[in-house]
There are 2 protein chains.
Amino acid sequence: MINESYKKMLGAKSVIRELSEYATARGKEIGYENVFDFSLGNPSVAVPQEFTDEMIRLLETEDTMTLHGYTPSLGNPLYKEKIAESLNERFGMNYGPEHIFPTTGAAGAIAHAVRAVTEPGDEVLAFAPFFPEYGPYITGAGLKLSVVPADTDTFQINFDRFLEMLNEKVMAVIVNTPNNPSGVAYSTQTLTRLAQILKDKSEEYGHTIYLLSDEPYREIVFKGADAPYVSKFYDNTLSCYSFSKSLSLPGERIGYVAVNPACDGAEYIVPMCGQISRGTGHNCPPSIIQQAVAKVCGMTADLSVYETNMNIIYATLVDLGFTVVKPGGTFYIMPKALEESSIEFCKKAKEYDLIFVPTDGFGAPGFFRMAYCIDTEKVERAMVRLRQFVSEVYR
Amino acid sequence: MINESYKKMLGAKSVIRELSEYATARGKEIGYENVFDFSLGNPSVAVPQEFTDEMIRLLETEDTMTLHGYTPSLGNPLYKEKIAESLNERFGMNYGPEHIFPTTGAAGAIAHAVRAVTEPGDEVLAFAPFFPEYGPYITGAGLKLSVVPADTDTFQINFDRFLEMLNEKVMAVIVNTPNNPSGVAYSTQTLTRLAQILKDKSEEYGHTIYLLSDEPYREIVFKGADAPYVSKFYDNTLSCYSFSKSLSLPGERIGYVAVNPACDGAEYIVPMCGQISRGTGHNCPPSIIQQAVAKVCGMTADLSVYETNMNIIYATLVDLGFTVVKPGGTFYIMPKALEESSIEFCKKAKEYDLIFVPTDGFGAPGFFRMAYCIDTEKVERAMVRLRQFVSEVYR
């Protein structure tokens, strides 16, 4: 018999996907340039030429059996070494290759990391606003996901609610900074306080609470933002990374778990990830992609357009009287809707061909998300439309 | 706290990996050409030039954001279409692209397929000799794996024991033909009888028993072998494929589930696989690899060396008095050891630098596996050594 729970999941259509499909259909009708689609978080800048060159070089010069053969089950040694080096240099860490486990993007990284530090039935805490895919990642591992409500004034951590919700069953806490959907980066102050609480509570409960740091937007940080490296604050941190955004490679499914060398069980966690892979059928990201990314892992695509877009949008939103926290990074911004229901607000915006995502699904209703990974020229035209929409509908 | 079950798995070293590591170390000592390493099932023939050419063409001509962007969550449409076409043409099936779910190799395919047609706690039957990774694939999905003992005369299915072991909790049966480790292909007669039993028992139990057909060696079939397409015999079949062996691409993690269009729930299973991916953090194989394989999915690497090697080895084994079933495909052969314990036999062979794998871990003790994906010249020299070993140790 087919599995009932997965079958039921088919009913729940993704709001983002529906909006994106609507935008595509509407684009066919009125011309895609006339639809201001802020729905999808898809990188909009080219992959670095160095990546393409390295791929071609590998294909032209390497023996096909080495190039496309099985990688060791814990990953390509060069990839692991280069990533450790790059992280050490940039963030003053002391990773060795043995602390790096290659994964199929951040999704794979979180799926592995969370299984490594929990037993089925344990609880994991996330902070709103949060990436809705944490739901399947966490429950798919047999765990309970509880979401700490947002601090809607700053989109930093709501520590009062966090302290209320922490309990002995919580074995891991997941953070995402810079954050999807708010664009906000957790500050030095936030991370210092979070680390202190996790240390104290680990001691009180007599077990380690691990911190899973989901950081696919780590390299998209704007001028003046306070966006420190999470693992520096708390030893028991597993950093979950993806090159999807920094190198514009989301389809190639390449990322890693970086295990803080000082964390409890540091020597076991990467080999355990190799065992976890066997059960999920994952077995390492593609060989050629690991090899090519090893060459370019210290660089990024030209990410400057995201900051340009953010500044245009933020200024317009402030000018129009929106309540909005200025993003420290990513390609998202999360203003408060101009009426109580952000769903209604987004419906009305859609009439103006402005495609925004209500953040109810991110655990923070009343706001909407704009993904500004689009051309600046289009962002500018969208701001004209936004002014028109606000003045006509909300005066 | 780190997960105890995964930590425990670290203790159990893979026999195959240990032997392969021994062979590498020994090779450094006495020269790799003097070690006859039959331990690992790694393809030994070059990737087709057409694949490499297509990869380079894509890298040189395609827009990087299309080439490396997110694929749709159910896979690249061209990949799905080309695979459906190829299977329909070669096996007289009627798959549409909607019946094909791209996966990271056969491992990913089995991990998805088995979750789609079971609920945790259900039972899955496999037939010895069987690929030991079925253990983690099946138990990793919360299922019980039971293994039907081998028919050691033919390595077809032991139907008497199968009928005894079938029960109402069995929701899926997994077959692997041509088989790792025996090299034997299930015959028309075997598959006809298997299908009839599954039909009868599905009716008796009032629920569908799905057949998971693990077929990474489908394209490595030798002259005269009766190795038909499994899904032709039984509608409720999910075919799990990998291009690892047929295109020599094991490191690129590319395969698929092909859902028989006539199976129960056919319209749900591929979309359900998309949902299953969310929980395992898998999210589709790499975009560029899907696109390149779409171009070459109907062809194979030059696989003829495997048959050449098999004929040399089989003739020698028969000549030396081994009990052995002639393989119908793959790059494996599984003779009976010359003493009761195949572990002892393999230890003694190792003294002659012949690296064989005892098949105890494959659920069929008393035999050993030779993986002959190596150069023919080396196979020939290995046969001289084998003659010496047998005559000196077993007279």
# chains A, B, ... in the order shown; residues from 1 in each chain; ligands from 1
call {"tool": "residues_around", "arguments": {"residues": "Cys297 of chain A", "least_positions_apart": "3", "cutoff": "8 Å", "atoms": "only C-alpha atoms", "output": "number ranges by chain"}}
result
A: 82-83, 86, 293-294, 300
call {"tool": "write_last_selection", "arguments": {"atoms": "C-alpha atoms", "output": "compact mmCIF listing (two decimals), in the first residue's frame"}}
result
# COMPACT_ATOMS: atom_id res chain seq x y z
CA LYS A 82 40.18 23.35 0.71
CA ILE A 83 37.01 24.10 2.65
CA SER A 86 39.11 28.62 3.58
CA VAL A 293 34.16 23.58 -6.13
CA ALA A 294 37.40 22.65 -4.30
CA THR A 300 31.88 33.99 -4.72
call {"tool": "residues_around", "arguments": {"residues": "segment 7-23 of chain B", "least_positions_apart": "6", "cutoff": "8 Å", "atoms": "only C-alpha atoms", "output": "PDB file with N, CA, C and O atoms, in the first residue's frame"}}
result
ATOM      1  N   TYR A 268      33.587  11.799  16.071  1.00  0.00           N
ATOM      2  CA  TYR A 268      32.628  10.808  15.567  1.00  0.00           C
ATOM      3  C   TYR A 268      31.672  11.360  14.518  1.00  0.00           C
ATOM      4  O   TYR A 268      31.119  10.620  13.719  1.00  0.00           O
ATOM      5  N   PRO A 271      32.259  10.743  10.543  1.00  0.00           N
ATOM      6  CA  PRO A 271      32.035   9.329  10.194  1.00  0.00           C
ATOM      7  C   PRO A 271      30.579   8.891  10.392  1.00  0.00           C
ATOM      8  O   PRO A 271      30.055   8.107   9.608  1.00  0.00           O
ATOM      9  N   MET A 272      29.917   9.419  11.426  1.00  0.00           N
ATOM     10  CA  MET A 272      28.508   9.083  11.623  1.00  0.00           C
ATOM     11  C   MET A 272      27.653   9.598  10.465  1.00  0.00           C
ATOM     12  O   MET A 272      26.714   8.931  10.039  1.00  0.00           O
ATOM     13  N   GLN A 275      27.517   7.142   7.872  1.00  0.00           N
ATOM     14  CA  GLN A 275      26.574   6.054   8.162  1.00  0.00           C
ATOM     15  C   GLN A 275      25.135   6.504   7.919  1.00  0.00           C
ATOM     16  O   GLN A 275      24.312   5.743   7.408  1.00  0.00           O
TER      17      GLN A 275
ATOM     18  N   VAL B  35      49.306  -7.491  -7.131  1.00  0.00           N
ATOM     19  CA  VAL B  35      48.186  -7.790  -6.235  1.00  0.00           C
ATOM     20  C   VAL B  35      46.939  -8.001  -7.099  1.00  0.00           C
ATOM     21  O   VAL B  35      46.587  -7.134  -7.901  1.00  0.00           O
ATOM     22  N   ASP B  37      43.496  -7.895  -7.120  1.00  0.00           N
ATOM     23  CA  ASP B  37      42.447  -7.348  -6.254  1.00  0.00           C
ATOM     24  C   ASP B  37      41.071  -7.501  -6.906  1.00  0.00           C
ATOM     25  O   ASP B  37      40.692  -6.729  -7.786  1.00  0.00           O
ATOM     26  N   SER B  39      38.306  -7.292  -5.095  1.00  0.00           N
ATOM     27  CA  SER B  39      37.410  -6.944  -3.988  1.00  0.00           C
ATOM     28  C   SER B  39      36.308  -5.948  -4.349  1.00  0.00           C
ATOM     29  O   SER B  39      35.160  -6.121  -3.978  1.00  0.00           O
ATOM     30  N   LEU B  40      36.650  -4.914  -5.114  1.00  0.00           N
ATOM     31  CA  LEU B  40      35.726  -3.786  -5.273  1.00  0.00           C
ATOM     32  C   LEU B  40      34.957  -3.781  -6.596  1.00  0.00           C
ATOM     33  O   LEU B  40      35.555  -4.004  -7.655  1.00  0.00           O
ATOM     34  N   ILE B 355      42.816 -11.393  -3.863  1.00  0.00           N
ATOM     35  CA  ILE B 355      41.910 -10.746  -2.916  1.00  0.00           C
ATOM     36  C   ILE B 355      40.456 -11.046  -3.306  1.00  0.00           C
ATOM     37  O   ILE B 355      39.901 -10.458  -4.241  1.00  0.00           O
ATOM     38  N   VAL B 357      36.331 -11.843  -1.803  1.00  0.00           N
ATOM     39  CA  VAL B 357      35.449 -11.452  -0.700  1.00  0.00           C
ATOM     40  C   VAL B 357      34.567 -12.628  -0.287  1.00  0.00           C
ATOM     41  O   VAL B 357      33.815 -13.148  -1.111  1.00  0.00           O
TER      42      VAL B 357
END
call {"tool": "residues_around", "arguments": {"residues": "Gly183 of chain A", "least_positions_apart": "3", "cutoff": "8 Å", "atoms": "only C-alpha atoms", "output": "list in words"}}
result
Pro178, Asn179, Asn180, Lys326, Pro327, Gly328, Gly329, Thr330, Phe331, Tyr332, Ile333 and Met334 of chain A
call {"tool": "write_last_selection", "arguments": {"atoms": "C-alpha atoms", "output": "mmCIF file, in the first residue's frame"}}
result
data_model
loop_
_atom_site.group_PDB
_atom_site.id
_atom_site.type_symbol
_atom_site.label_atom_id
_atom_site.label_comp_id
_atom_site.auth_asym_id
_atom_site.auth_seq_id
_atom_site.Cartn_x
_atom_site.Cartn_y
_atom_site.Cartn_z
ATOM 1 C CA PRO A 178 21.564 35.858 7.695
ATOM 2 C CA ASN A 179 17.963 34.841 7.759
ATOM 3 C CA ASN A 180 15.459 33.658 5.208
ATOM 4 C CA LYS A 326 16.889 46.667 7.356
ATOM 5 C CA PRO A 327 18.429 43.398 6.159
ATOM 6 C CA GLY A 328 22.056 42.654 7.008
ATOM 7 C CA GLY A 329 22.346 40.192 4.142
ATOM 8 C CA THR A 330 20.594 37.580 1.910
ATOM 9 C CA PHE A 331 18.312 38.638 -0.916
ATOM 10 C CA TYR A 332 15.189 38.895 1.215
ATOM 11 C CA ILE A 333 13.383 41.660 3.048
ATOM 12 C CA MET A 334 10.344 41.242 5.288
#
call {"tool": "residues_around", "arguments": {"residues": "Ala126 of chain B", "least_positions_apart": "3", "cutoff": "8 Å", "atoms": "only C-alpha atoms", "output": "list in words"}}
result
Phe130, Leu145, Ser146, Val147, Val148, Val173, Ile174 and Val175 of chain B
call {"tool": "write_last_selection", "arguments": {"atoms": "all heavy atoms", "output": "PDB file, in the first residue's frame"}}
result
ATOM      1  N   PHE B 130      22.400 -11.287  -1.392  1.00  0.00           N
ATOM      2  CA  PHE B 130      21.870  -9.927  -1.592  1.00  0.00           C
ATOM      3  C   PHE B 130      22.924  -8.884  -1.232  1.00  0.00           C
ATOM      4  O   PHE B 130      23.830  -9.140  -0.445  1.00  0.00           O
ATOM      5  CB  PHE B 130      20.603  -9.733  -0.756  1.00  0.00           C
ATOM      6  CG  PHE B 130      20.884  -9.561   0.716  1.00  0.00           C
ATOM      7  CD1 PHE B 130      20.762  -8.308   1.322  1.00  0.00           C
ATOM      8  CD2 PHE B 130      21.289 -10.634   1.493  1.00  0.00           C
ATOM      9  CE1 PHE B 130      21.040  -8.142   2.681  1.00  0.00           C
ATOM     10  CE2 PHE B 130      21.571 -10.476   2.853  1.00  0.00           C
ATOM     11  CZ  PHE B 130      21.446  -9.235   3.446  1.00  0.00           C
ATOM     12  N   LEU B 145      13.884  -5.834   7.560  1.00  0.00           N
ATOM     13  CA  LEU B 145      14.363  -6.583   6.392  1.00  0.00           C
ATOM     14  C   LEU B 145      14.496  -8.053   6.756  1.00  0.00           C
ATOM     15  O   LEU B 145      15.175  -8.394   7.718  1.00  0.00           O
ATOM     16  CB  LEU B 145      15.730  -6.049   5.944  1.00  0.00           C
ATOM     17  CG  LEU B 145      16.431  -6.850   4.831  1.00  0.00           C
ATOM     18  CD1 LEU B 145      15.676  -6.743   3.512  1.00  0.00           C
ATOM     19  CD2 LEU B 145      17.880  -6.386   4.644  1.00  0.00           C
ATOM     20  N   SER B 146      13.824  -8.933   5.991  1.00  0.00           N
ATOM     21  CA  SER B 146      14.026 -10.375   6.167  1.00  0.00           C
ATOM     22  C   SER B 146      14.602 -10.925   4.876  1.00  0.00           C
ATOM     23  O   SER B 146      14.206 -10.504   3.779  1.00  0.00           O
ATOM     24  CB  SER B 146      12.693 -11.072   6.475  1.00  0.00           C
ATOM     25  OG  SER B 146      12.119 -10.508   7.638  1.00  0.00           O
ATOM     26  N   VAL B 147      15.533 -11.853   5.023  1.00  0.00           N
ATOM     27  CA  VAL B 147      16.241 -12.352   3.846  1.00  0.00           C
ATOM     28  C   VAL B 147      15.895 -13.817   3.597  1.00  0.00           C
ATOM     29  O   VAL B 147      16.094 -14.665   4.469  1.00  0.00           O
ATOM     30  CB  VAL B 147      17.763 -12.180   4.018  1.00  0.00           C
ATOM     31  CG1 VAL B 147      18.503 -12.728   2.810  1.00  0.00           C
ATOM     32  CG2 VAL B 147      18.101 -10.711   4.233  1.00  0.00           C
ATOM     33  N   VAL B 148      15.368 -14.106   2.415  1.00  0.00           N
ATOM     34  CA  VAL B 148      15.058 -15.480   2.014  1.00  0.00           C
ATOM     35  C   VAL B 148      16.373 -16.172   1.662  1.00  0.00           C
ATOM     36  O   VAL B 148      17.132 -15.656   0.842  1.00  0.00           O
ATOM     37  CB  VAL B 148      14.113 -15.471   0.788  1.00  0.00           C
ATOM     38  CG1 VAL B 148      13.807 -16.889   0.334  1.00  0.00           C
ATOM     39  CG2 VAL B 148      12.840 -14.683   1.098  1.00  0.00           C
ATOM     40  N   VAL B 173       8.901  -6.514  -1.870  1.00  0.00           N
ATOM     41  CA  VAL B 173       9.919  -7.534  -2.092  1.00  0.00           C
ATOM     42  C   VAL B 173      10.961  -6.883  -2.989  1.00  0.00           C
ATOM     43  O   VAL B 173      10.599  -6.164  -3.928  1.00  0.00           O
ATOM     44  CB  VAL B 173       9.275  -8.766  -2.760  1.00  0.00           C
ATOM     45  CG1 VAL B 173      10.323  -9.707  -3.324  1.00  0.00           C
ATOM     46  CG2 VAL B 173       8.363  -9.495  -1.770  1.00  0.00           C
ATOM     47  N   ILE B 174      12.236  -7.098  -2.670  1.00  0.00           N
ATOM     48  CA  ILE B 174      13.276  -6.469  -3.484  1.00  0.00           C
ATOM     49  C   ILE B 174      14.097  -7.527  -4.204  1.00  0.00           C
ATOM     50  O   ILE B 174      14.496  -8.523  -3.604  1.00  0.00           O
ATOM     51  CB  ILE B 174      14.155  -5.514  -2.622  1.00  0.00           C
ATOM     52  CG1 ILE B 174      15.165  -4.762  -3.477  1.00  0.00           C
ATOM     53  CG2 ILE B 174      14.850  -6.235  -1.477  1.00  0.00           C
ATOM     54  CD1 ILE B 174      15.776  -3.549  -2.776  1.00  0.00           C
ATOM     55  N   VAL B 175      14.278  -7.333  -5.502  1.00  0.00           N
ATOM     56  CA  VAL B 175      15.117  -8.247  -6.292  1.00  0.00           C
ATOM     57  C   VAL B 175      16.246  -7.444  -6.939  1.00  0.00           C
ATOM     58  O   VAL B 175      16.118  -6.237  -7.142  1.00  0.00           O
ATOM     59  CB  VAL B 175      14.324  -8.986  -7.403  1.00  0.00           C
ATOM     60  CG1 VAL B 175      13.308  -9.936  -6.800  1.00  0.00           C
ATOM     61  CG2 VAL B 175      13.662  -8.009  -8.367  1.00  0.00           C
TER      62      VAL B 175
END
call {"tool": "interface_residues", "arguments": {"of": "chain B", "to": "chain A", "cutoff": "7 Å", "atoms": "only C-alpha atoms", "output": "VMD selection string"}}
result
chain B and resid 1 to 3 6 to 7 9 to 10 46 to 47 52 56 59 64 to 65 68 to 71 104 107 to 108 111 116 to 119 136 to 137 140 171 207 to 208 249 to 253 265 272 275 to 276 278 to 282 286 to 288
call {"tool": "atom_distance", "arguments": {"atom1": "atom CA of Pro77 of chain A", "atom2": "atom CA of Tyr241 of chain B"}}
result
27.7 Å
call {"tool": "select_by_dssp", "arguments": {"residues": "segment 143-353 of chain A", "states": "strand (DSSP E or B)", "output": "JSON, numbers by chain"}}
result
{"A": [144, 145, 146, 147, 148, 170, 171, 172, 173, 174, 175, 176, 210, 211, 212, 213, 214, 221, 237, 238, 239, 240, 241, 242, 255, 256, 257, 258, 259, 329, 332, 333, 336]}
call {"tool": "decode", "arguments": {"residues": "segment 156-184 of chain A", "atoms": "N, CA, C and O atoms", "output": "PDB file, in the first residue's frame"}}
result
ATOM      1  N   GLN A 156      15.763  39.593  15.671  1.00  0.00           N
ATOM      2  CA  GLN A 156      16.790  38.836  16.386  1.00  0.00           C
ATOM      3  C   GLN A 156      16.026  37.748  17.158  1.00  0.00           C
ATOM      4  O   GLN A 156      14.879  37.450  16.827  1.00  0.00           O
ATOM      5  N   ILE A 157      16.642  37.167  18.179  1.00  0.00           N
ATOM      6  CA  ILE A 157      15.976  36.070  18.896  1.00  0.00           C
ATOM      7  C   ILE A 157      15.070  36.603  20.011  1.00  0.00           C
ATOM      8  O   ILE A 157      15.443  37.517  20.743  1.00  0.00           O
ATOM      9  N   ASN A 158      13.888  36.025  20.122  1.00  0.00           N
ATOM     10  CA  ASN A 158      12.972  36.331  21.217  1.00  0.00           C
ATOM     11  C   ASN A 158      13.400  35.478  22.427  1.00  0.00           C
ATOM     12  O   ASN A 158      12.934  34.346  22.611  1.00  0.00           O
ATOM     13  N   PHE A 159      14.306  36.040  23.220  1.00  0.00           N
ATOM     14  CA  PHE A 159      14.928  35.231  24.284  1.00  0.00           C
ATOM     15  C   PHE A 159      13.946  34.855  25.398  1.00  0.00           C
ATOM     16  O   PHE A 159      14.072  33.790  26.002  1.00  0.00           O
ATOM     17  N   ASP A 160      12.977  35.719  25.683  1.00  0.00           N
ATOM     18  CA  ASP A 160      12.013  35.381  26.737  1.00  0.00           C
ATOM     19  C   ASP A 160      11.262  34.102  26.375  1.00  0.00           C
ATOM     20  O   ASP A 160      11.153  33.177  27.169  1.00  0.00           O
ATOM     21  N   ARG A 161      10.760  34.079  25.160  1.00  0.00           N
ATOM     22  CA  ARG A 161      10.014  32.884  24.738  1.00  0.00           C
ATOM     23  C   ARG A 161      10.931  31.677  24.600  1.00  0.00           C
ATOM     24  O   ARG A 161      10.537  30.544  24.899  1.00  0.00           O
ATOM     25  N   PHE A 162      12.162  31.914  24.148  1.00  0.00           N
ATOM     26  CA  PHE A 162      13.140  30.829  24.022  1.00  0.00           C
ATOM     27  C   PHE A 162      13.358  30.169  25.384  1.00  0.00           C
ATOM     28  O   PHE A 162      13.296  28.931  25.518  1.00  0.00           O
ATOM     29  N   LEU A 163      13.593  30.979  26.410  1.00  0.00           N
ATOM     30  CA  LEU A 163      13.841  30.434  27.750  1.00  0.00           C
ATOM     31  C   LEU A 163      12.632  29.684  28.287  1.00  0.00           C
ATOM     32  O   LEU A 163      12.769  28.659  28.963  1.00  0.00           O
ATOM     33  N   GLU A 164      11.434  30.169  27.968  1.00  0.00           N
ATOM     34  CA  GLU A 164      10.225  29.446  28.379  1.00  0.00           C
ATOM     35  C   GLU A 164      10.119  28.082  27.710  1.00  0.00           C
ATOM     36  O   GLU A 164       9.637  27.125  28.294  1.00  0.00           O
ATOM     37  N   MET A 165      10.537  28.030  26.461  1.00  0.00           N
ATOM     38  CA  MET A 165      10.317  26.808  25.677  1.00  0.00           C
ATOM     39  C   MET A 165      11.429  25.774  25.821  1.00  0.00           C
ATOM     40  O   MET A 165      11.226  24.596  25.529  1.00  0.00           O
ATOM     41  N   LEU A 166      12.610  26.197  26.211  1.00  0.00           N
ATOM     42  CA  LEU A 166      13.716  25.252  26.403  1.00  0.00           C
ATOM     43  C   LEU A 166      13.332  24.225  27.467  1.00  0.00           C
ATOM     44  O   LEU A 166      12.766  24.591  28.505  1.00  0.00           O
ATOM     45  N   ASN A 167      13.620  22.972  27.200  1.00  0.00           N
ATOM     46  CA  ASN A 167      13.348  21.921  28.193  1.00  0.00           C
ATOM     47  C   ASN A 167      14.307  20.776  27.963  1.00  0.00           C
ATOM     48  O   ASN A 167      15.068  20.783  26.988  1.00  0.00           O
ATOM     49  N   GLU A 168      14.241  19.787  28.833  1.00  0.00           N
ATOM     50  CA  GLU A 168      15.244  18.705  28.811  1.00  0.00           C
ATOM     51  C   GLU A 168      15.223  17.871  27.536  1.00  0.00           C
ATOM     52  O   GLU A 168      16.176  17.172  27.240  1.00  0.00           O
ATOM     53  N   LYS A 169      14.109  17.904  26.824  1.00  0.00           N
ATOM     54  CA  LYS A 169      14.017  17.084  25.611  1.00  0.00           C
ATOM     55  C   LYS A 169      14.665  17.755  24.403  1.00  0.00           C
ATOM     56  O   LYS A 169      14.817  17.143  23.350  1.00  0.00           O
ATOM     57  N   VAL A 170      15.003  19.037  24.535  1.00  0.00           N
ATOM     58  CA  VAL A 170      15.601  19.756  23.412  1.00  0.00           C
ATOM     59  C   VAL A 170      17.066  19.351  23.268  1.00  0.00           C
ATOM     60  O   VAL A 170      17.872  19.594  24.159  1.00  0.00           O
ATOM     61  N   MET A 171      17.387  18.724  22.169  1.00  0.00           N
ATOM     62  CA  MET A 171      18.756  18.252  21.952  1.00  0.00           C
ATOM     63  C   MET A 171      19.487  19.120  20.942  1.00  0.00           C
ATOM     64  O   MET A 171      20.713  19.042  20.815  1.00  0.00           O
ATOM     65  N   ALA A 172      18.748  19.914  20.202  1.00  0.00           N
ATOM     66  CA  ALA A 172      19.390  20.779  19.208  1.00  0.00           C
ATOM     67  C   ALA A 172      18.536  22.009  18.982  1.00  0.00           C
ATOM     68  O   ALA A 172      17.310  21.981  19.155  1.00  0.00           O
ATOM     69  N   VAL A 173      19.224  23.078  18.613  1.00  0.00           N
ATOM     70  CA  VAL A 173      18.587  24.348  18.292  1.00  0.00           C
ATOM     71  C   VAL A 173      19.112  24.735  16.921  1.00  0.00           C
ATOM     72  O   VAL A 173      20.303  24.570  16.646  1.00  0.00           O
ATOM     73  N   ILE A 174      18.216  25.205  16.047  1.00  0.00           N
ATOM     74  CA  ILE A 174      18.660  25.548  14.697  1.00  0.00           C
ATOM     75  C   ILE A 174      18.490  27.050  14.463  1.00  0.00           C
ATOM     76  O   ILE A 174      17.447  27.615  14.787  1.00  0.00           O
ATOM     77  N   VAL A 175      19.552  27.668  13.965  1.00  0.00           N
ATOM     78  CA  VAL A 175      19.487  29.094  13.615  1.00  0.00           C
ATOM     79  C   VAL A 175      19.834  29.258  12.133  1.00  0.00           C
ATOM     80  O   VAL A 175      20.499  28.413  11.544  1.00  0.00           O
ATOM     81  N   ASN A 176      19.370  30.338  11.575  1.00  0.00           N
ATOM     82  CA  ASN A 176      19.607  30.626  10.154  1.00  0.00           C
ATOM     83  C   ASN A 176      19.932  32.115  10.054  1.00  0.00           C
ATOM     84  O   ASN A 176      19.046  32.949  10.175  1.00  0.00           O
ATOM     85  N   THR A 177      21.227  32.394   9.886  1.00  0.00           N
ATOM     86  CA  THR A 177      21.673  33.786   9.831  1.00  0.00           C
ATOM     87  C   THR A 177      22.777  33.945   8.808  1.00  0.00           C
ATOM     88  O   THR A 177      23.668  33.107   8.779  1.00  0.00           O
ATOM     89  N   PRO A 178      22.692  34.977   7.942  1.00  0.00           N
ATOM     90  CA  PRO A 178      21.564  35.858   7.695  1.00  0.00           C
ATOM     91  C   PRO A 178      20.318  35.049   7.324  1.00  0.00           C
ATOM     92  O   PRO A 178      20.428  33.990   6.716  1.00  0.00           O
ATOM     93  N   ASN A 179      19.196  35.615   7.680  1.00  0.00           N
ATOM     94  CA  ASN A 179      17.963  34.841   7.759  1.00  0.00           C
ATOM     95  C   ASN A 179      17.070  34.915   6.520  1.00  0.00           C
ATOM     96  O   ASN A 179      16.850  35.977   5.959  1.00  0.00           O
ATOM     97  N   ASN A 180      16.572  33.751   6.148  1.00  0.00           N
ATOM     98  CA  ASN A 180      15.459  33.658   5.208  1.00  0.00           C
ATOM     99  C   ASN A 180      14.236  33.399   6.061  1.00  0.00           C
ATOM    100  O   ASN A 180      14.222  32.389   6.767  1.00  0.00           O
ATOM    101  N   PRO A 181      13.265  34.270   6.119  1.00  0.00           N
ATOM    102  CA  PRO A 181      12.897  35.333   5.175  1.00  0.00           C
ATOM    103  C   PRO A 181      13.237  36.760   5.597  1.00  0.00           C
ATOM    104  O   PRO A 181      13.016  37.667   4.792  1.00  0.00           O
ATOM    105  N   SER A 182      13.755  37.010   6.791  1.00  0.00           N
ATOM    106  CA  SER A 182      13.815  38.408   7.235  1.00  0.00           C
ATOM    107  C   SER A 182      14.988  39.185   6.649  1.00  0.00           C
ATOM    108  O   SER A 182      14.979  40.408   6.621  1.00  0.00           O
ATOM    109  N   GLY A 183      16.046  38.478   6.226  1.00  0.00           N
ATOM    110  CA  GLY A 183      17.244  39.155   5.750  1.00  0.00           C
ATOM    111  C   GLY A 183      18.145  39.639   6.879  1.00  0.00           C
ATOM    112  O   GLY A 183      19.244  40.141   6.639  1.00  0.00           O
ATOM    113  N   VAL A 184      17.682  39.473   8.110  1.00  0.00           N
ATOM    114  CA  VAL A 184      18.428  39.985   9.262  1.00  0.00           C
ATOM    115  C   VAL A 184      19.544  39.006   9.651  1.00  0.00           C
ATOM    116  O   VAL A 184      19.352  37.788   9.606  1.00  0.00           O
TER     117      VAL A 184
END
